[in-house]
>>> print(open('start.cif').read())   # mmCIF, C-alpha atoms
data_work
#
loop_
_atom_site.label_atom_id
_atom_site.label_comp_id
_atom_site.auth_asym_id
_atom_site.auth_seq_id
_atom_site.Cartn_x
_atom_site.Cartn_y
_atom_site.Cartn_z
CA MET A 1 126.03 111.17 93.78
CA ARG A 2 122.96 112.62 95.43
CA PRO A 3 122.65 116.36 95.87
CA VAL A 4 124.22 117.69 99.04
CA LEU A 5 121.14 119.81 99.61
CA SER A 6 118.88 116.78 99.68
CA ILE A 7 120.95 114.80 102.12
CA ALA A 8 121.18 117.86 104.32
CA ILE A 9 117.41 118.12 104.37
CA VAL A 10 116.95 114.46 105.14
CA CYS A 11 119.58 114.56 107.89
CA ALA A 12 117.85 117.59 109.35
CA LEU A 13 114.50 115.82 109.28
CA TRP A 14 115.94 112.74 110.89
CA SER A 15 117.88 114.53 113.57
CA ALA A 16 115.16 117.03 114.42
CA SER A 17 113.84 114.67 117.03
CA ALA A 18 116.79 112.25 116.98
CA LEU A 19 114.12 109.64 116.49
CA PRO A 20 112.67 108.10 113.37
CA ALA A 21 109.36 109.92 113.60
CA LEU A 22 108.40 108.47 110.30
CA ALA A 23 107.07 105.05 110.98
CA HIS A 24 103.84 103.20 111.37
CA HIS A 25 104.40 103.26 115.12
CA SER A 26 105.74 105.64 117.71
CA GLY A 27 109.51 105.95 117.32
CA ALA A 28 109.66 107.42 120.82
CA ALA A 29 108.18 104.20 122.21
CA GLU A 30 110.87 102.10 120.59
CA PHE A 31 114.11 104.10 120.63
CA ASP A 32 115.83 106.26 123.23
CA SER A 33 117.09 109.52 121.74
CA HIS A 34 119.67 109.73 124.55
CA LYS A 35 121.22 106.37 123.67
CA LYS A 36 123.36 107.32 120.70
CA ILE A 37 125.14 104.57 118.84
CA ASP A 38 128.28 104.82 116.72
CA LEU A 39 129.19 101.42 115.32
CA THR A 40 131.58 100.06 112.71
CA GLY A 41 131.27 96.57 111.38
CA VAL A 42 130.65 94.20 108.50
CA VAL A 43 127.17 93.70 107.09
CA THR A 44 125.99 90.12 107.62
CA LYS A 45 122.40 90.29 106.34
CA VAL A 46 119.95 92.70 104.71
CA GLU A 47 116.17 92.36 105.04
CA TRP A 48 114.38 94.42 102.35
CA THR A 49 111.07 94.10 104.17
CA ASN A 50 108.11 95.99 105.59
CA PRO A 51 107.27 97.80 107.75
CA HIS A 52 111.01 98.48 107.94
CA ALA A 53 114.08 97.33 106.10
CA HIS A 54 116.82 96.02 108.39
CA PHE A 55 120.50 95.33 108.05
CA TYR A 56 122.70 93.46 110.48
CA ILE A 57 126.35 94.15 111.21
CA ASP A 58 128.98 92.30 113.22
CA VAL A 59 130.65 94.75 115.57
CA LYS A 60 133.77 93.80 117.55
CA ASP A 61 134.09 95.42 120.97
CA ALA A 62 137.34 96.37 122.72
CA GLY A 63 137.63 92.88 124.19
CA GLY A 64 137.28 91.22 120.82
CA THR A 65 133.75 89.99 121.37
CA VAL A 66 131.59 90.19 118.26
CA VAL A 67 128.04 91.45 118.64
CA ASN A 68 125.56 91.29 115.78
CA TRP A 69 123.54 94.53 115.65
CA ASN A 70 120.12 94.75 114.02
CA LEU A 71 119.66 98.21 112.50
CA GLU A 72 116.39 99.56 111.19
CA LEU A 73 115.75 101.72 108.14
CA ALA A 74 112.57 103.23 106.71
CA SER A 75 110.23 100.99 104.71
CA PRO A 76 111.21 99.96 101.15
CA ASN A 77 108.51 102.14 99.57
CA VAL A 78 109.96 105.20 101.32
CA LEU A 79 113.55 104.18 100.63
CA ILE A 80 112.92 103.55 96.92
CA ARG A 81 111.37 106.99 96.45
CA ASN A 82 114.41 108.49 98.13
CA GLY A 83 116.99 106.81 95.93
CA TRP A 84 117.70 103.65 97.89
CA HIS A 85 118.04 100.36 96.07
CA ARG A 86 117.81 96.93 97.63
CA ASN A 87 121.53 96.49 96.87
CA SER A 88 122.57 99.88 98.24
CA ILE A 89 123.93 97.99 101.22
CA LYS A 90 125.09 94.38 100.86
CA PRO A 91 126.45 91.57 102.99
CA GLY A 92 130.20 91.98 103.21
CA ASP A 93 130.14 95.78 103.15
CA THR A 94 132.06 97.48 105.94
CA VAL A 95 130.07 100.41 107.27
CA SER A 96 130.03 102.90 110.10
CA VAL A 97 126.60 103.68 111.50
CA THR A 98 125.36 106.41 113.78
CA GLY A 99 121.85 106.35 115.17
CA VAL A 100 119.91 105.58 118.33
CA GLN A 101 119.47 102.42 120.35
CA ALA A 102 116.30 100.63 121.37
CA LYS A 103 114.92 101.52 124.76
CA ASP A 104 115.43 97.94 125.93
CA SER A 105 119.20 98.39 125.44
CA SER A 106 119.45 95.38 123.17
CA SER A 107 121.74 95.36 120.12
CA TYR A 108 118.92 96.86 118.10
CA GLY A 109 118.90 100.37 116.74
CA SER A 110 117.64 102.85 114.22
CA ALA A 111 120.25 103.72 111.61
CA GLY A 112 120.67 107.47 111.14
CA VAL A 113 123.68 107.85 108.85
CA ILE A 114 125.61 104.97 107.25
CA THR A 115 129.12 105.79 106.01
CA PHE A 116 131.06 103.59 103.59
CA PRO A 117 134.88 103.39 103.32
CA ASP A 118 134.86 105.54 100.17
CA GLY A 119 133.07 108.25 102.10
CA HIS A 120 129.66 108.00 100.54
CA LYS A 121 126.75 108.10 102.92
CA LEU A 122 123.26 106.71 103.09
CA THR A 123 120.68 107.67 105.68
CA PHE A 124 117.55 106.21 107.27
CA LEU A 125 115.79 107.72 104.27
CA SER A 126 118.20 108.86 101.61
CA GLY A 127 120.03 106.71 99.08
CA ASP A 128 122.43 106.98 96.16
CA GLU A 129 120.22 106.66 93.13
CA PRO A 130 118.10 109.44 91.63
CA ALA A 131 114.89 109.48 93.66
CA LYS A 132 111.82 107.98 92.02
CA MET B 1 103.18 111.98 112.23
CA ASN B 2 102.13 115.44 113.23
CA ARG B 3 100.29 116.71 110.17
CA PRO B 4 100.87 120.45 110.75
CA ASN B 5 104.60 119.73 111.02
CA MET B 6 104.35 117.56 107.95
CA SER B 7 102.70 120.41 106.08
CA LYS B 8 105.51 122.73 107.11
CA ARG B 9 108.02 120.14 105.97
CA MET B 10 106.22 119.81 102.67
CA ALA B 11 106.22 123.57 102.23
CA SER B 12 109.86 124.04 103.17
CA GLY B 13 110.86 121.11 101.00
CA ILE B 14 109.02 122.49 98.03
CA VAL B 15 110.68 125.86 98.46
CA SER B 16 114.16 124.54 99.11
CA GLY B 17 114.24 121.67 96.70
CA MET B 18 113.81 123.44 93.40
CA LEU B 19 115.93 121.19 91.23
CA LEU B 20 115.02 120.74 87.58
CA ALA B 21 114.75 117.20 86.29
CA VAL B 22 112.96 115.17 83.68
CA PHE B 23 110.31 112.80 84.94
CA SER B 24 107.81 110.65 83.17
CA LEU B 25 104.24 110.85 84.38
CA GLY B 26 102.71 107.74 85.81
CA ALA B 27 99.75 106.10 84.15
CA GLN B 28 97.09 108.07 85.95
CA GLN B 29 93.40 108.04 85.31
CA ALA B 30 93.47 111.60 84.12
CA ALA B 31 97.10 112.54 83.85
CA PRO B 32 98.07 116.17 84.38
CA PRO B 33 99.73 117.84 81.40
CA VAL B 34 103.19 116.41 80.76
CA ASP B 35 105.81 118.90 81.82
CA SER B 36 109.31 117.74 80.98
CA LYS B 37 110.73 120.69 82.90
CA ALA B 38 108.62 120.01 85.96
CA LYS B 39 109.82 121.49 89.20
CA THR B 40 110.84 119.04 91.86
CA GLY B 41 110.91 119.22 95.61
CA THR B 42 110.31 117.33 98.81
CA ILE B 43 106.79 116.05 99.48
CA GLY B 44 106.45 114.59 102.95
CA LEU B 45 109.27 112.07 103.35
CA TYR B 46 110.04 111.97 99.66
CA ARG B 47 112.79 114.06 98.10
CA ASN B 48 113.21 115.14 94.48
CA GLN B 49 109.58 114.50 93.71
CA GLN B 50 107.89 115.99 90.68
CA LEU B 51 105.62 118.81 91.79
CA ALA B 52 102.29 119.51 90.17
CA PRO B 53 102.38 122.61 87.97
CA ASN B 54 100.14 125.53 88.85
CA ALA B 55 96.90 124.67 87.11
CA PRO B 56 93.21 124.60 87.90
CA ALA B 57 91.52 121.52 89.33
CA PRO B 58 90.63 119.20 86.45
CA LYS B 59 87.19 117.90 85.56
CA LEU B 60 85.99 114.73 83.88
CA ALA B 61 84.35 114.92 80.46
CA ASP B 62 80.89 115.12 82.06
CA GLY B 63 81.92 118.04 84.26
CA THR B 64 82.38 116.05 87.47
CA PRO B 65 85.41 117.20 89.46
CA ASP B 66 88.32 114.84 88.86
CA LEU B 67 90.00 113.85 92.12
CA SER B 68 92.09 111.08 90.62
CA GLY B 69 95.80 110.83 91.22
CA VAL B 70 98.31 109.84 93.87
CA TRP B 71 98.03 111.99 96.99
CA LEU B 72 99.87 112.41 100.26
CA GLY B 73 98.14 113.79 103.33
CA SER B 74 95.12 113.20 105.54
CA GLY B 75 92.01 114.82 106.92
CA GLY B 76 93.23 115.34 110.47
CA ASN B 77 96.14 115.37 112.90
CA SER B 78 97.27 111.76 113.11
CA ALA B 79 99.56 112.33 116.10
CA ASP B 80 96.77 113.81 118.24
CA ILE B 81 93.31 114.38 116.82
CA ALA B 82 92.55 116.80 119.65
CA ASN B 83 95.38 119.15 118.67
CA PRO B 84 93.65 122.47 117.96
CA LYS B 85 95.87 122.95 114.91
CA GLY B 86 94.08 120.03 113.28
CA LEU B 87 90.56 121.14 114.21
CA LYS B 88 88.12 123.50 112.62
CA SER B 89 88.38 126.89 114.31
CA GLY B 90 86.43 126.88 117.56
CA ASP B 91 85.94 123.11 117.67
CA GLN B 92 87.07 121.02 120.63
CA VAL B 93 87.41 117.33 121.31
CA VAL B 94 85.44 116.68 124.50
CA MET B 95 85.71 113.07 125.63
CA LEU B 96 83.25 111.27 127.87
CA PRO B 97 84.89 110.10 131.13
CA TRP B 98 85.36 106.50 129.97
CA ALA B 99 87.22 107.70 126.91
CA GLU B 100 89.54 109.87 129.00
CA ASP B 101 90.43 106.80 131.05
CA VAL B 102 91.09 104.80 127.91
CA VAL B 103 93.46 107.42 126.49
CA LYS B 104 95.36 107.58 129.80
CA ASN B 105 95.87 103.83 129.88
CA ARG B 106 96.56 102.84 126.30
CA LEU B 107 100.03 101.60 125.37
CA SER B 108 101.94 102.18 122.15
CA LYS B 109 102.22 98.46 121.51
CA GLN B 110 98.41 98.20 121.50
CA ASP B 111 98.05 100.68 118.64
CA PRO B 112 96.32 98.87 115.78
CA GLU B 113 98.52 100.79 113.33
CA ALA B 114 101.67 99.44 115.04
CA ASN B 115 100.07 96.01 114.70
CA CYS B 116 99.69 96.47 110.94
CA LEU B 117 95.93 96.89 111.14
CA PRO B 118 93.95 99.56 109.25
CA ALA B 119 94.08 103.17 110.35
CA GLY B 120 90.36 103.85 109.84
CA ILE B 121 89.14 107.42 109.29
CA PRO B 122 90.61 110.07 109.30
CA ARG B 123 94.02 108.86 110.48
CA GLY B 124 96.73 109.16 107.86
CA SER B 125 100.14 107.66 107.32
CA PRO B 126 103.44 108.79 105.75
CA TYR B 127 102.51 106.85 102.63
CA PRO B 128 100.54 108.00 99.56
CA TRP B 129 97.11 106.89 98.40
CA ARG B 130 95.20 107.06 95.15
CA ILE B 131 91.62 108.00 94.36
CA VAL B 132 90.00 106.13 91.47
CA GLN B 133 86.62 107.32 90.17
CA THR B 134 84.16 105.15 88.28
CA PRO B 135 80.56 106.13 87.55
CA THR B 136 79.19 104.09 90.45
CA HIS B 137 82.10 103.52 92.85
CA TYR B 138 84.99 105.65 94.01
CA PHE B 139 87.96 103.83 95.50
CA ILE B 140 90.72 105.02 97.79
CA LEU B 141 93.74 102.74 97.46
CA PHE B 142 96.16 103.00 100.36
CA GLU B 143 99.83 102.15 99.91
CA GLY B 144 100.02 101.89 103.70
CA ASN B 145 99.21 101.64 106.56
CA ILE B 146 98.00 99.11 105.55
CA HIS B 147 97.92 98.07 101.89
CA SER B 148 94.10 98.30 101.95
CA PHE B 149 91.28 100.11 100.18
CA ARG B 150 88.03 101.95 100.77
CA GLN B 151 85.04 101.89 98.49
CA ILE B 152 82.54 104.71 98.28
CA PHE B 153 79.14 103.95 96.79
CA MET B 154 78.11 107.03 94.82
CA ASN B 155 74.57 108.14 95.44
CA GLY B 156 74.03 104.93 97.37
CA LYS B 157 72.18 104.09 100.59
CA HIS B 158 73.45 102.75 103.87
CA PRO B 159 72.18 99.34 104.92
CA ASP B 160 69.72 99.47 107.81
CA ASP B 161 72.05 97.58 110.13
CA PRO B 162 75.54 97.42 108.63
CA ASP B 163 78.01 94.91 109.99
CA PRO B 164 80.81 96.77 111.72
CA THR B 165 84.03 97.07 109.70
CA TRP B 166 87.33 98.97 109.89
CA PHE B 167 86.39 101.46 107.17
CA GLY B 168 82.62 101.33 107.58
CA HIS B 169 80.03 101.72 104.83
CA SER B 170 80.58 104.84 102.73
CA ILE B 171 78.21 106.64 100.38
CA GLY B 172 79.17 109.70 98.39
CA HIS B 173 77.62 112.62 96.57
CA TRP B 174 78.77 115.93 95.16
CA GLU B 175 77.98 119.31 96.65
CA GLY B 176 79.34 121.67 94.02
CA ASN B 177 83.03 120.86 93.68
CA THR B 178 83.16 119.03 97.00
CA LEU B 179 82.89 115.27 97.32
CA VAL B 180 80.92 114.49 100.48
CA VAL B 181 81.39 111.00 101.90
CA ASP B 182 79.07 109.78 104.63
CA THR B 183 80.23 106.71 106.55
CA VAL B 184 78.60 104.56 109.24
CA GLY B 185 79.01 100.94 110.26
CA PHE B 186 82.44 101.23 111.82
CA ASN B 187 83.88 98.74 114.26
CA ASP B 188 85.33 100.21 117.47
CA LYS B 189 88.85 98.92 116.94
CA PHE B 190 90.96 101.57 115.23
CA TRP B 191 92.47 104.55 117.03
CA PHE B 192 92.03 108.07 115.68
CA ASP B 193 95.70 108.84 116.38
CA TYR B 194 98.92 107.70 118.03
CA LYS B 195 97.56 109.00 121.36
CA GLY B 196 94.80 106.42 121.30
CA HIS B 197 91.65 108.51 121.01
CA PRO B 198 88.88 105.89 120.85
CA HIS B 199 85.44 105.60 119.32
CA THR B 200 82.43 103.30 119.43
CA GLU B 201 80.34 101.62 116.76
CA LYS B 202 78.08 104.70 116.92
CA LEU B 203 80.73 106.62 114.98
CA HIS B 204 79.45 108.55 111.98
CA THR B 205 81.88 110.50 109.80
CA ILE B 206 81.24 113.04 107.06
CA GLU B 207 84.29 113.74 104.91
CA ARG B 208 84.61 116.63 102.48
CA PHE B 209 87.19 116.44 99.71
CA THR B 210 87.73 119.58 97.64
CA ARG B 211 90.42 119.72 94.97
CA THR B 212 91.36 123.36 95.19
CA ASP B 213 93.76 123.23 92.24
CA LEU B 214 95.63 120.59 90.27
CA GLY B 215 98.07 119.82 93.06
CA HIS B 216 96.11 120.34 96.26
CA MET B 217 93.17 118.83 98.11
CA ALA B 218 91.42 120.36 101.11
CA MET B 219 89.95 117.79 103.47
CA GLU B 220 87.57 118.07 106.41
CA VAL B 221 86.10 115.30 108.52
CA THR B 222 83.17 115.75 110.87
CA ILE B 223 83.29 113.14 113.62
CA ASP B 224 80.08 112.38 115.48
CA ASP B 225 80.24 109.62 118.07
CA PRO B 226 77.85 110.21 120.96
CA GLY B 227 79.20 107.05 122.59
CA THR B 228 82.60 108.66 123.07
CA TYR B 229 82.47 112.45 122.61
CA ALA B 230 80.18 115.03 124.18
CA LYS B 231 79.68 116.80 120.85
CA PRO B 232 80.70 116.41 117.22
CA PHE B 233 83.90 118.03 116.00
CA THR B 234 85.48 118.62 112.61
CA THR B 235 89.08 117.94 111.72
CA VAL B 236 90.88 119.77 108.94
CA GLY B 237 93.71 118.55 106.79
CA SER B 238 95.05 118.56 103.28
CA ALA B 239 96.79 116.48 100.67
CA VAL B 240 99.39 117.18 97.99
CA LEU B 241 99.42 115.54 94.58
CA MET B 242 102.45 113.36 93.76
CA PRO B 243 102.26 113.37 89.95
CA GLY B 244 105.58 111.61 89.41
CA THR B 245 105.04 108.46 91.46
CA GLU B 246 102.97 105.30 91.51
CA LEU B 247 101.77 103.38 94.53
CA LEU B 248 104.30 100.82 95.69
CA GLU B 249 103.79 97.65 97.68
CA TYR B 250 103.74 97.85 101.48
CA ILE B 251 102.91 94.63 103.26
CA CYS B 252 103.29 95.70 106.85
CA GLN B 253 102.85 92.25 108.34
CA GLU B 254 105.88 90.60 106.80
CA ASN B 255 108.57 91.61 109.29
CA ASN B 256 107.06 93.69 112.06
CA GLN B 257 109.91 93.42 114.55
CA ASP B 258 109.07 96.74 116.14
CA LEU B 259 106.04 95.60 118.06
CA GLN B 260 107.97 93.65 120.68
CA LYS B 261 110.22 96.69 121.21
CA LEU B 262 107.51 99.29 121.84
CA GLU B 263 107.40 100.50 125.42
CA GLY B 264 105.26 102.87 127.42
CA PRO B 265 102.10 104.86 126.95
CA ALA B 266 100.53 105.64 123.61
CA ARG B 267 102.14 108.75 122.16
CA GLY B 268 103.04 110.44 118.91
CA PRO B 269 105.90 109.30 116.68
CA GLY B 270 108.28 111.85 118.17
CA GLY B 271 107.06 111.37 121.73
CA GLN B 272 104.49 114.18 121.74
#
>>> encode(input="start.cif", output="structure tokens")
Amino acid sequence: MRPVLSIAIVCALWSASALPALAHHSGAAEFDSHKKIDLTGVVTKVEWTNPHAHFYIDVKDAGGTVVNWNLELASPNVLIRNGWHRNSIKPGDTVSVTGVQAKDSSSYGSAGVITFPDGHKLTFLSGDEPAK
Amino acid sequence: MNRPNMSKRMASGIVSGMLLAVFSLGAQQAAPPVDSKAKTGTIGLYRNQQLAPNAPAPKLADGTPDLSGVWLGSGGNSADIANPKGLKSGDQVVMLPWAEDVVKNRLSKQDPEANCLPAGIPRGSPYPWRIVQTPTHYFILFEGNIHSFRQIFMNGKHPDDPDPTWFGHSIGHWEGNTLVVDTVGFNDKFWFDYKGHPHTEKLHTIERFTRTDLGHMAMEVTIDDPGTYAKPFTTVGSAVLMPGTELLEYICQENNQDLQKLEGPARGPGGQ
């Protein structure tokens, strides 16, 4: 389990602007810090790619309609150094995700904190493994 | 990323992240002394990183300063090159009228960096880079953005009419313990920062790299582009050694979904 101190620091960094101010582009141009998302669903796909890793989750709304959300993480080089592994999140996992939504209001967002049923958490930056 | 903020983050991370751990040193050109009880802390975006011990700046066997290693940082403020915090005291960025119009009208989605194109000089990224020294060539290998490299011809000469390129034609020499890199032959395509400060092919940069101790590099970049700015100015920045890591792969072009989502004027990562 990662140190509480570290995840606190990473959460603080991430939430300081409520935007992923960490990318190769302007986070403020892509995401709206006022459009908070809080989603629970099943992971359908993981893309361990640059310039950002992505995972996709099926989220069922109150009416039973399923929407597939595309959620962005930092890039693999950043994630690996922070203890993420390409299998840290896998298709079939049920996760809850808080973050911010794209400015165009599509089902596209930046993942802030990802919570698993056993309570362990990953963030946009911080993973489970000892950081490299 | 706003470099002054990044520096503060680095500093606070280093202070707050003092966890002891055992790390193996990477295969560096001139590896720092192995310290199995190395202190760890946050460097930039990276937590639990091995920190360089307090030690003097190393030298090669012939006495040349040794700048090799994996570094994180840059020579200026990548969010806004005109931010006084990233400029030499008293310097100002004074744009010619055409350049002011360009900055007002540029869009985030037009940023070459967002399009996975090179950042040029002195714009940095959140990703580390490595300096490799050979007797005739020095290389800067960038993890991102993008997975590219610069070559510096030591004690070389510029061509009379260099073809314009993203990183220009660089020649280097030593002034005491400072590596001075003189570069011309730039294209006019890269932006100095997220705000979109432009330049022309008349751009001439002089970079100064000084390893102040084992773990720290002071960097200054004098930018002279009479086609864009009323007078030269000098940016100041720094880099921190990451002795416990190696460069990783970062191929920005493979899945750049962000570009189609970027909206609005050119601005810093956090909206500044």
>>> residues_around(input="start.cif", residues="segment 145-160 of chain B", least_positions_apart="2", cutoff="7 Å", atoms="only C-alpha atoms", output="list in words")
His24 of chain A; Glu113, Cys116, Leu117, Pro118, Ala119, Ser125, Thr136, His137, Tyr138, Phe139, Ile140, Leu141, Phe142, Glu143, Pro162, Phe167, His169, Ser170, Ile171, Gly172, His173, Tyr250, Ile251 and Cys252 of chain B
>>> resolve_selection(input="start.cif", expression="the PyMOL selection byres ((chain B) within 6 of (chain A))", output="PDB file with C-alpha atoms, keeping the file's coordinate frame")
ATOM      1  CA  TYR B  46     110.040 111.970  99.660  1.00  0.00           C
ATOM      2  CA  ARG B  47     112.790 114.060  98.100  1.00  0.00           C
ATOM      3  CA  ASN B  48     113.210 115.140  94.480  1.00  0.00           C
ATOM      4  CA  ALA B 114     101.670  99.440 115.040  1.00  0.00           C
ATOM      5  CA  LEU B 248     104.300 100.820  95.690  1.00  0.00           C
ATOM      6  CA  ILE B 251     102.910  94.630 103.260  1.00  0.00           C
ATOM      7  CA  CYS B 252     103.290  95.700 106.850  1.00  0.00           C
ATOM      8  CA  GLU B 254     105.880  90.600 106.800  1.00  0.00           C
ATOM      9  CA  ASN B 255     108.570  91.610 109.290  1.00  0.00           C
ATOM     10  CA  ASN B 256     107.060  93.690 112.060  1.00  0.00           C
ATOM     11  CA  LYS B 261     110.220  96.690 121.210  1.00  0.00           C
ATOM     12  CA  LEU B 262     107.510  99.290 121.840  1.00  0.00           C
ATOM     13  CA  GLU B 263     107.400 100.500 125.420  1.00  0.00           C
ATOM     14  CA  GLY B 268     103.040 110.440 118.910  1.00  0.00           C
ATOM     15  CA  PRO B 269     105.900 109.300 116.680  1.00  0.00           C
ATOM     16  CA  GLY B 270     108.280 111.850 118.170  1.00  0.00           C
ATOM     17  CA  GLY B 271     107.060 111.370 121.730  1.00  0.00           C
TER      18      GLY B 271
END
>>> atom_distance(input="start.cif", atom1="atom CA of Thr115 of chain A", atom2="atom CA of Val59 of chain A")
14.7 Å
>>> atom_distance(input="start.cif", atom1="atom CA of Pro91 of chain A", atom2="atom CA of Ile57 of chain A")
8.6 Å
>>> residues_near_point(input="start.cif", point="(83.8, 119.4, 96.5)", cutoff="12 Å", atoms="all atoms listed in the file", output="list in words")
Ala57, Lys59, Thr64, Pro65, Asp66, Leu67, Gly172, His173, Trp174, Glu175, Gly176, Asn177, Thr178, Leu179, Val180, Val181, Glu207, Arg208, Phe209, Thr210, Arg211, Thr212, Asp213, Met217, Ala218, Met219 and Glu220 of chain B
>>> atom_distance(input="start.cif", atom1="atom CA of Lys189 of chain B", atom2="atom CA of Gln253 of chain B")
17.7 Å
>>> resolve_selection(input="start.cif", expression="the PyMOL selection byres ((chain B and resi 52) around 9)", output="list of chain:residue names")
B:Pro32, B:Ala38, B:Lys39, B:Thr40, B:Gln50, B:Leu51, B:Pro53, B:Asn54, B:Ala55, B:Leu214, B:Gly215, B:His216, B:Val240, B:Leu241, B:Met242, B:Pro243, B:Gly244
>>> closest_residue(input="start.cif", among="B:Ala79, B:Leu72, B:Leu45, B:Ile206", to="Ala266 of chain B", atoms="only C-alpha atoms")
B:Ala79
>>> decode(input="start.cif", residues="segment 173-207 of chain B", atoms="C-alpha atoms", output="PDB file, in the first residue's frame")
ATOM      1  CA  HIS B 173      32.168  25.823 -25.534  1.00  0.00           C
ATOM      2  CA  TRP B 174      33.135  26.100 -21.889  1.00  0.00           C
ATOM      3  CA  GLU B 175      33.501  29.351 -19.993  1.00  0.00           C
ATOM      4  CA  GLY B 176      34.912  28.174 -16.684  1.00  0.00           C
ATOM      5  CA  ASN B 177      32.372  25.735 -15.262  1.00  0.00           C
ATOM      6  CA  THR B 178      29.591  26.964 -17.532  1.00  0.00           C
ATOM      7  CA  LEU B 179      28.650  25.265 -20.784  1.00  0.00           C
ATOM      8  CA  VAL B 180      27.692  27.965 -23.290  1.00  0.00           C
ATOM      9  CA  VAL B 181      25.555  26.813 -26.212  1.00  0.00           C
ATOM     10  CA  ASP B 182      25.024  29.144 -29.148  1.00  0.00           C
ATOM     11  CA  THR B 183      22.173  28.237 -31.487  1.00  0.00           C
ATOM     12  CA  VAL B 184      20.966  29.698 -34.791  1.00  0.00           C
ATOM     13  CA  GLY B 185      19.110  28.242 -37.749  1.00  0.00           C
ATOM     14  CA  PHE B 186      15.730  27.833 -36.088  1.00  0.00           C
ATOM     15  CA  ASN B 187      12.483  27.474 -37.952  1.00  0.00           C
ATOM     16  CA  ASP B 188       9.665  29.792 -36.842  1.00  0.00           C
ATOM     17  CA  LYS B 189       7.253  27.043 -35.842  1.00  0.00           C
ATOM     18  CA  PHE B 190       7.588  26.309 -32.138  1.00  0.00           C
ATOM     19  CA  TRP B 191       6.048  28.445 -29.413  1.00  0.00           C
ATOM     20  CA  PHE B 192       8.127  29.648 -26.466  1.00  0.00           C
ATOM     21  CA  ASP B 193       5.294  28.795 -24.063  1.00  0.00           C
ATOM     22  CA  TYR B 194       1.655  27.777 -23.689  1.00  0.00           C
ATOM     23  CA  LYS B 195       0.670  31.427 -24.245  1.00  0.00           C
ATOM     24  CA  GLY B 196       2.006  31.296 -27.778  1.00  0.00           C
ATOM     25  CA  HIS B 197       4.907  33.744 -27.720  1.00  0.00           C
ATOM     26  CA  PRO B 198       6.299  33.522 -31.265  1.00  0.00           C
ATOM     27  CA  HIS B 199       9.655  33.958 -32.940  1.00  0.00           C
ATOM     28  CA  THR B 200      11.112  34.213 -36.425  1.00  0.00           C
ATOM     29  CA  GLU B 201      13.958  32.457 -38.204  1.00  0.00           C
ATOM     30  CA  LYS B 202      16.174  35.319 -36.981  1.00  0.00           C
ATOM     31  CA  LEU B 203      16.115  33.764 -33.515  1.00  0.00           C
ATOM     32  CA  HIS B 204      19.501  33.357 -31.861  1.00  0.00           C
ATOM     33  CA  THR B 205      19.762  31.760 -28.420  1.00  0.00           C
ATOM     34  CA  ILE B 206      22.674  31.559 -26.009  1.00  0.00           C
ATOM     35  CA  GLU B 207      22.177  29.002 -23.249  1.00  0.00           C
TER      36      GLU B 207
END
